[in-house]
Amino acid sequence: MADAMTLLSFGPEGWGDELAAGAWLTIRLALATVPVGLVCGFLLALGRNSENRYLRASCDAFTTVFRGLPELLTLFIVYYGGQLLLQRFVLLFSDIDIQIHQFLAGLIALSLVFMSFASEVFLGALRAVPKGQPEAAMALGLKHRQTMVLVIFPQLMRHALPGLSNLWLSLVKDTSLVSVIALTDLLRQTSIAVGVTKQPFLFYSVACLIYLALSMVSSIGLTGIERWADRGMRGNRR
C-alpha cells in the first residue's frame, strides 16, 4: 500500500503529476471538440433536412462515411493522410517540412465523428418540432431568422439534449484513442507509467477511476442542463 501511494504521489518519486496532466489534456481535448462538433453537426442536419436534393445527398454521404468508419481509422486518416496531403501541397511552393500537431489531428478526427452523430440527433430533433410552429411564427410576422432563433431552436435543443448528452459521454471515452499518435493524454501517460514501473493493475485501475469520475461529473451536469431546458414543460404535464 505504501508503495502504491508513493507511485501515485505528486513529485519526482511519483506519477501523480503526469496522470493529472494527462487527465487535463483529455478534458481540454473533449471541451475543444464539442463546440466544433455541435455547430458543424447542426449545419449538417440543416443540409440533410434541406429541399435541395444535391445538398441533402452530400450531407447524407458525409455522415454515413464518418459514422461507419471506426474512430481509430478516422484518426489515422486525419493524422497521416492529412499530413501527407498538406506536405504535398506545401511542396508546390516551398520545401518546408510540415508536421500536424497531435492535438490538432485528434481535434479534427473526433470532431468529424462527433458532428456526424450529432447531425443525426439534430435531424431527429428538427423533425420532432411540429410543422405548425414555424407557420404560426410566420403568420405572426416573424422573419425566418427570428423563427429559427426564437421558436424552433429552443424546442430543438430540448429534444436533442438527451442524445447530445450520450454523445458527450462517448466523446470523453473516445479521447483515449489519441494515445496511439503519441499525444500525452490520460491513457498515454498511464501506459508510460506502466512501462516504467511494471505495475499495470495499479495504474490502469486509477485511469479507470478517473474516467468514471469524469463520466459521473458529466452526468450530473448534463442532468441539470436537461432539467433546466425542460423546466417550462413540467407544468404542462401535470
# chains A, B, ... in the order shown; residues from 1 in each chain; ligands from 1

call {"tool": "residues_around", "arguments": {"residues": "Arg56 in chain A", "least_positions_apart": "3", "cutoff": "12 Å", "atoms": "only C-alpha atoms", "output": "ChimeraX atom specification"}}
result
/A:43-53,59-63,123

call {"tool": "write_last_selection", "arguments": {"atoms": "C-alpha atoms", "output": "mmCIF file, in the first residue's frame"}}
result
data_model
loop_
_atom_site.group_PDB
_atom_site.id
_atom_site.type_symbol
_atom_site.label_atom_id
_atom_site.label_comp_id
_atom_site.auth_asym_id
_atom_site.auth_seq_id
_atom_site.Cartn_x
_atom_site.Cartn_y
_atom_site.Cartn_z
ATOM 1 C CA LEU A 43 -25.313 22.681 -40.153
ATOM 2 C CA LEU A 44 -25.171 19.105 -41.430
ATOM 3 C CA ALA A 45 -28.641 18.472 -40.026
ATOM 4 C CA LEU A 46 -29.970 21.565 -41.805
ATOM 5 C CA GLY A 47 -28.375 20.305 -45.007
ATOM 6 C CA ARG A 48 -29.901 16.847 -44.586
ATOM 7 C CA ASN A 49 -33.276 18.460 -43.964
ATOM 8 C CA SER A 50 -32.930 20.734 -46.997
ATOM 9 C CA GLU A 51 -35.196 20.561 -50.022
ATOM 10 C CA ASN A 52 -32.125 20.686 -52.274
ATOM 11 C CA ARG A 53 -31.522 17.044 -53.152
ATOM 12 C CA CYS A 59 -24.597 15.693 -46.256
ATOM 13 C CA ASP A 60 -26.050 12.185 -46.043
ATOM 14 C CA ALA A 61 -22.944 10.734 -47.703
ATOM 15 C CA PHE A 62 -20.625 12.627 -45.340
ATOM 16 C CA THR A 63 -22.395 11.445 -42.211
ATOM 17 C CA LEU A 123 -32.123 15.913 -37.564
#

call {"tool": "residues_around", "arguments": {"residues": "range 149-164 of chain A", "least_positions_apart": "6", "cutoff": "6 Å", "atoms": "only C-alpha atoms", "output": "compact mmCIF listing (two decimals) with C-alpha atoms, in the first residue's frame"}}
result
# COMPACT_ATOMS: atom_id res chain seq x y z
CA VAL A 121 -29.55 13.81 -33.23
CA PHE A 122 -30.28 17.30 -34.55
CA ALA A 125 -34.96 16.91 -33.11
CA LEU A 126 -35.76 19.11 -36.12
CA ALA A 229 -34.20 23.11 -20.52

call {"tool": "residues_around", "arguments": {"residues": "range 110-118 of chain A", "least_positions_apart": "6", "cutoff": "10 Å", "atoms": "only C-alpha atoms", "output": "count of residues only"}}
result
45

call {"tool": "closest_residue", "arguments": {"among": "A:Ala109, A:Asn166, A:Ala193, A:Trp228", "to": "Gly16 in chain A", "atoms": "only C-alpha atoms"}}
result
A:Ala193

call {"tool": "residues_around", "arguments": {"residues": "Gln87 in chain A", "least_positions_apart": "3", "cutoff": "9 Å", "atoms": "only C-alpha atoms", "output": "list in words"}}
result
Gly82, Gln83, Leu84, Val90, Leu91, Leu92, Asp95, Ile96, Asp97, Ile98 and Gln99 of chain A

call {"tool": "select_by_dssp", "arguments": {"residues": "range 5-231 of chain A", "states": "helix (DSSP H, G or I)", "output": "PyMOL selection string"}}
result
chain A and resi 5-7+16-48+53-68+71-91+102-128+132-139+144-181+186-197+200-229+231

call {"tool": "atom_distance", "arguments": {"atom1": "CA of Ile100 in chain A", "atom2": "CA of Asp185 in chain A"}}
result
16.9 Å

call {"tool": "closest_residue", "arguments": {"among": "A:Leu73, A:Gly81, A:Met148, A:Gln199", "to": "Pro134 in chain A", "atoms": "only C-alpha atoms"}}
result
A:Met148

call {"tool": "atom_distance", "arguments": {"atom1": "CA of Lys198 in chain A", "atom2": "CA of Asp17 in chain A"}}
result
18.1 Å

call {"tool": "atom_distance", "arguments": {"atom1": "CA of Leu8 in chain A", "atom2": "CA of Val180 in chain A"}}
result
23.4 Å

call {"tool": "decode", "arguments": {"residues": "range 43-57 of chain A", "atoms": "C-alpha atoms", "output": "compact mmCIF listing (two decimals), in the first residue's frame"}}
result
# COMPACT_ATOMS: atom_id res chain seq x y z
CA LEU A 43 -25.31 22.68 -40.15
CA LEU A 44 -25.17 19.11 -41.43
CA ALA A 45 -28.64 18.47 -40.03
CA LEU A 46 -29.97 21.56 -41.80
CA GLY A 47 -28.38 20.31 -45.01
CA ARG A 48 -29.90 16.85 -44.59
CA ASN A 49 -33.28 18.46 -43.96
CA SER A 50 -32.93 20.73 -47.00
CA GLU A 51 -35.20 20.56 -50.02
CA ASN A 52 -32.13 20.69 -52.27
CA ARG A 53 -31.52 17.04 -53.15
CA TYR A 54 -27.83 17.54 -54.02
CA LEU A 55 -27.09 19.22 -50.72
CA ARG A 56 -29.13 16.59 -48.91
CA ALA A 57 -27.29 13.75 -50.67
